[in-house]
>>> print(open('my_file_19.cif').read())   # mmCIF, C-alpha atoms and all ligand atoms
data_work
#
loop_
_atom_site.label_atom_id
_atom_site.label_comp_id
_atom_site.auth_asym_id
_atom_site.auth_seq_id
_atom_site.Cartn_x
_atom_site.Cartn_y
_atom_site.Cartn_z
CA MET A 146 40.08 25.64 7.94
CA LEU A 147 37.06 23.96 6.43
CA TRP A 148 33.52 24.53 7.65
CA LYS A 149 30.57 22.33 6.92
CA CYS A 150 26.93 23.39 6.78
CA SER A 151 24.92 21.05 9.02
CA VAL A 152 21.79 21.77 6.97
CA CYS A 153 22.91 20.97 3.41
CA GLY A 154 26.48 19.58 3.72
CA MET A 155 28.16 22.41 1.79
CA VAL A 156 31.89 22.76 2.65
CA VAL A 157 33.41 26.26 2.76
CA GLU A 158 37.06 27.27 3.23
CA GLY A 159 38.08 30.21 5.45
CA GLU A 160 39.32 31.49 8.82
CA ASN A 161 35.72 31.74 10.00
CA PRO A 162 32.43 30.25 8.85
CA PRO A 163 30.56 32.36 6.24
CA GLU A 164 27.75 34.66 7.38
CA LYS A 165 25.34 32.64 5.28
CA CYS A 166 25.62 29.28 3.55
CA PRO A 167 26.24 29.97 -0.17
CA LYS A 168 24.12 26.97 -1.06
CA CYS A 169 21.09 26.90 1.27
CA GLY A 170 21.34 30.30 3.03
CA ALA A 171 21.56 28.83 6.57
CA PRO A 172 23.13 31.23 9.15
CA LYS A 173 26.77 30.78 10.29
CA GLU A 174 25.67 29.14 13.56
CA LYS A 175 24.74 26.11 11.45
CA PHE A 176 28.39 25.59 10.41
CA PHE A 177 30.83 23.36 12.26
CA GLN A 178 34.58 23.08 11.75
CA LEU A 179 35.78 19.86 10.14
CA SER A 180 38.48 17.91 11.95
CA LYS A 181 41.99 18.04 10.44
CA GLU A 182 41.56 14.41 9.37
CA ASP A 183 38.30 15.11 7.53
CA ALA A 184 39.71 18.29 5.98
CA ASP A 185 42.79 16.41 4.70
CA LYS A 186 40.57 13.80 3.08
CA ILE A 187 38.69 16.51 1.22
CA TYR A 188 41.87 18.28 0.09
CA MET A 189 43.44 15.03 -1.13
CA SER A 190 40.39 13.91 -3.08
CA ASP A 191 39.77 17.35 -4.60
CA ARG A 192 42.18 16.77 -7.47
CA THR A 193 41.25 13.11 -8.02
CA ASN A 194 37.57 14.05 -8.25
CA ASP A 195 38.46 16.60 -10.93
CA ILE A 196 40.41 13.92 -12.82
CA HIS A 197 37.45 11.51 -12.63
CA MET A 198 35.18 14.27 -13.96
CA GLU A 199 37.53 14.96 -16.84
CA ILE A 200 37.71 11.26 -17.75
CA ILE A 201 33.88 11.15 -17.73
CA GLN A 202 33.83 14.09 -20.18
CA LEU A 203 36.42 12.44 -22.43
CA ALA A 204 34.55 9.12 -22.36
CA MET A 205 31.37 10.92 -23.44
CA HIS A 206 33.33 12.49 -26.29
CA ILE A 207 34.64 9.05 -27.34
CA ALA A 208 31.07 7.69 -27.33
CA LYS A 209 29.96 10.56 -29.59
CA LEU A 210 32.80 9.93 -32.03
CA CYS A 211 31.92 6.23 -32.07
CA ASP A 212 28.28 7.02 -32.91
CA GLU A 213 29.48 9.10 -35.84
CA GLY A 214 31.79 6.29 -36.99
CA ILE A 215 29.03 3.68 -36.65
CA GLY A 216 26.73 5.92 -38.72
CA ILE A 217 29.22 6.04 -41.60
CA LYS A 218 29.05 2.20 -41.91
CA LEU A 219 32.27 1.89 -43.90
CA ASP A 220 32.47 -1.89 -43.40
CA PRO A 221 31.50 -4.41 -40.69
CA SER A 222 34.89 -4.55 -38.95
CA CYS A 223 35.06 -0.75 -38.81
CA VAL A 224 31.57 -0.62 -37.25
CA ASP A 225 32.55 -3.35 -34.77
CA ALA A 226 35.64 -1.39 -33.72
CA PHE A 227 33.51 1.69 -33.00
CA LYS A 228 30.92 -0.39 -31.11
CA ALA A 229 33.67 -1.94 -28.97
CA ALA A 230 35.23 1.47 -28.27
CA LYS A 231 31.81 2.84 -27.31
CA ASN A 232 31.31 0.01 -24.79
CA GLU A 233 34.75 0.63 -23.33
CA ALA A 234 34.06 4.35 -23.03
CA TRP A 235 30.81 3.54 -21.20
CA ILE A 236 32.69 1.33 -18.73
CA MET A 237 35.30 4.06 -18.13
CA LYS A 238 32.60 6.64 -17.54
CA GLN A 239 30.55 4.49 -15.15
CA ARG A 240 33.62 3.34 -13.20
CA CYS A 241 34.65 6.96 -12.59
CA LYS A 242 31.11 7.92 -11.59
CA ALA A 243 30.97 5.03 -9.12
CA GLU A 244 34.30 6.10 -7.61
CA ILE A 245 33.11 9.69 -7.14
CA VAL A 246 30.01 8.36 -5.37
CA THR A 247 32.17 6.40 -2.91
CA HIS A 248 34.24 9.56 -2.23
CA VAL A 249 31.08 11.48 -1.43
CA GLY A 250 29.82 8.62 0.78
CA LYS A 251 33.05 8.69 2.80
CA GLY A 252 32.90 12.49 3.16
CA LYS A 253 35.85 12.94 0.79
CA TRP A 254 34.51 15.68 -1.34
ZN ZN A 301 23.85 24.97 3.62
#
>>> encode(input="my_file_19.cif", output="C-alpha cells")
Amino acid sequence: MLWKCSVCGMVVEGENPPEKCPKCGAPKEKFFQLSKEDADKIYMSDRTNDIHMEIIQLAMHIAKLCDEGIGIKLDPSCVDAFKAAKNEAWIMKQRCKAEIVTHVGKGKW
C-alpha cells in the first residue's frame, strides 16, 4: 500500500501510514491511502524515472568530455564534432528532464 502526505506530497510504502512524515514531520493523520490506480502509476514509472536520471547523468558526462575535446583544439573538424556532440547531449538531458516533470505533474512519481 502507498500512503501520501497531504502536507508535502511525500509517498511512503507500508501496511500502515508512518507515525511521522519522513520529509515534513506531519503526523500520520495527514496521510491518505493512494488508490490502486494511482499506486500502479507510481510503481510503473519508478524504473523509468531512474532510467531518465541515469541518461541525464550520462549526458552531463558527455558534455564534460566534449569540453575537454574542444579545449584540445586538434583541428576544426574535430572541434566541430565535439560541439555537435555537446549539443546533442544537451538535448538528451533536457528531453529527459522534461519527461520527468510530466511524470510528476501526472502524479506518477
Ligand atoms: Zn510530509
>>> residues_near_point(input="my_file_19.cif", point="(31.0, 5.7, -20.8)", cutoff="10 Å", atoms="only C-alpha atoms", output="MDAnalysis selection string")
chainID A and resid 200:208 230:242
>>> write_last_selection(input="my_file_19.cif", atoms="C-alpha atoms", output="compact mmCIF listing (two decimals), keeping the file's coordinate frame")
# COMPACT_ATOMS: atom_id res chain seq x y z
CA ILE A 200 37.71 11.26 -17.75
CA ILE A 201 33.88 11.15 -17.73
CA GLN A 202 33.83 14.09 -20.18
CA LEU A 203 36.42 12.44 -22.43
CA ALA A 204 34.55 9.12 -22.36
CA MET A 205 31.37 10.92 -23.44
CA HIS A 206 33.33 12.49 -26.29
CA ILE A 207 34.64 9.05 -27.34
CA ALA A 208 31.07 7.69 -27.33
CA ALA A 230 35.23 1.47 -28.27
CA LYS A 231 31.81 2.84 -27.31
CA ASN A 232 31.31 0.01 -24.79
CA GLU A 233 34.75 0.63 -23.33
CA ALA A 234 34.06 4.35 -23.03
CA TRP A 235 30.81 3.54 -21.20
CA ILE A 236 32.69 1.33 -18.73
CA MET A 237 35.30 4.06 -18.13
CA LYS A 238 32.60 6.64 -17.54
CA GLN A 239 30.55 4.49 -15.15
CA ARG A 240 33.62 3.34 -13.20
CA CYS A 241 34.65 6.96 -12.59
CA LYS A 242 31.11 7.92 -11.59
>>> residues_around(input="my_file_19.cif", residues="A:Met155", least_positions_apart="2", cutoff="10 Å", atoms="all atoms listed in the file", output="list in words")
Trp148, Lys149, Cys150, Ser151, Val152, Cys153, Val157, Cys166, Pro167, Lys168, Cys169, Phe176 and Trp254 of chain A
>>> write_last_selection(input="my_file_19.cif", atoms="C-alpha atoms", output="short mmCIF file (atom, residue, chain, number, x, y, z; two decimals), keeping the file's coordinate frame")
data_model
loop_
_atom_site.label_atom_id
_atom_site.label_comp_id
_atom_site.auth_asym_id
_atom_site.auth_seq_id
_atom_site.Cartn_x
_atom_site.Cartn_y
_atom_site.Cartn_z
CA TRP A 148 33.52 24.53 7.65
CA LYS A 149 30.57 22.33 6.92
CA CYS A 150 26.93 23.39 6.78
CA SER A 151 24.92 21.05 9.02
CA VAL A 152 21.79 21.77 6.97
CA CYS A 153 22.91 20.97 3.41
CA VAL A 157 33.41 26.26 2.76
CA CYS A 166 25.62 29.28 3.55
CA PRO A 167 26.24 29.97 -0.17
CA LYS A 168 24.12 26.97 -1.06
CA CYS A 169 21.09 26.90 1.27
CA PHE A 176 28.39 25.59 10.41
CA TRP A 254 34.51 15.68 -1.34
#
>>> closest_residue(input="my_file_19.cif", among="A:Ala229, A:Met198, A:Leu179, A:Ile245", to="A:Ile215", atoms="all atoms listed in the file")
A:Ala229
>>> closest_residue(input="my_file_19.cif", among="A:Pro163, A:Ala171, A:Ser190, A:Ser180", to="ligand ZN 301 (chain A)", atoms="all atoms listed in the file")
A:Ala171
>>> atom_distance(input="my_file_19.cif", atom1="atom CA of A:Asp212", atom2="atom CA of A:Glu244")
26.0 Å
>>> closest_residue(input="my_file_19.cif", among="A:Ile217, A:Val156, A:Val224, A:Cys211", to="ligand ZN 301 (chain A)", atoms="only C-alpha atoms and all ligand atoms")
A:Val156
>>> atom_distance(input="my_file_19.cif", atom1="atom CA of A:Met146", atom2="atom CA of A:Tyr188")
10.9 Å
>>> closest_residue(input="my_file_19.cif", among="A:Arg192, A:Lys209, A:Glu158, A:Lys173", to="ligand ZN 301 (chain A)", atoms="all atoms listed in the file")
A:Lys173
>>> atom_distance(input="my_file_19.cif", atom1="atom CA of A:Asn194", atom2="atom CA of A:Pro162")
24.1 Å
>>> closest_residue(input="my_file_19.cif", among="A:Gly159, A:Asp185, A:Leu147, A:Pro172", to="ligand ZN 301 (chain A)", atoms="only C-alpha atoms and all ligand atoms")
A:Pro172
>>> axis_aligned_box(input="my_file_19.cif", around="stretch 223-242 of chain A", padding_each_side="6 Å", output="AutoDock Vina command-line options")
--center_x 33.1 --center_y 2.3 --center_z -25.2 --size_x 17.1 --size_y 23.3 --size_z 39.2
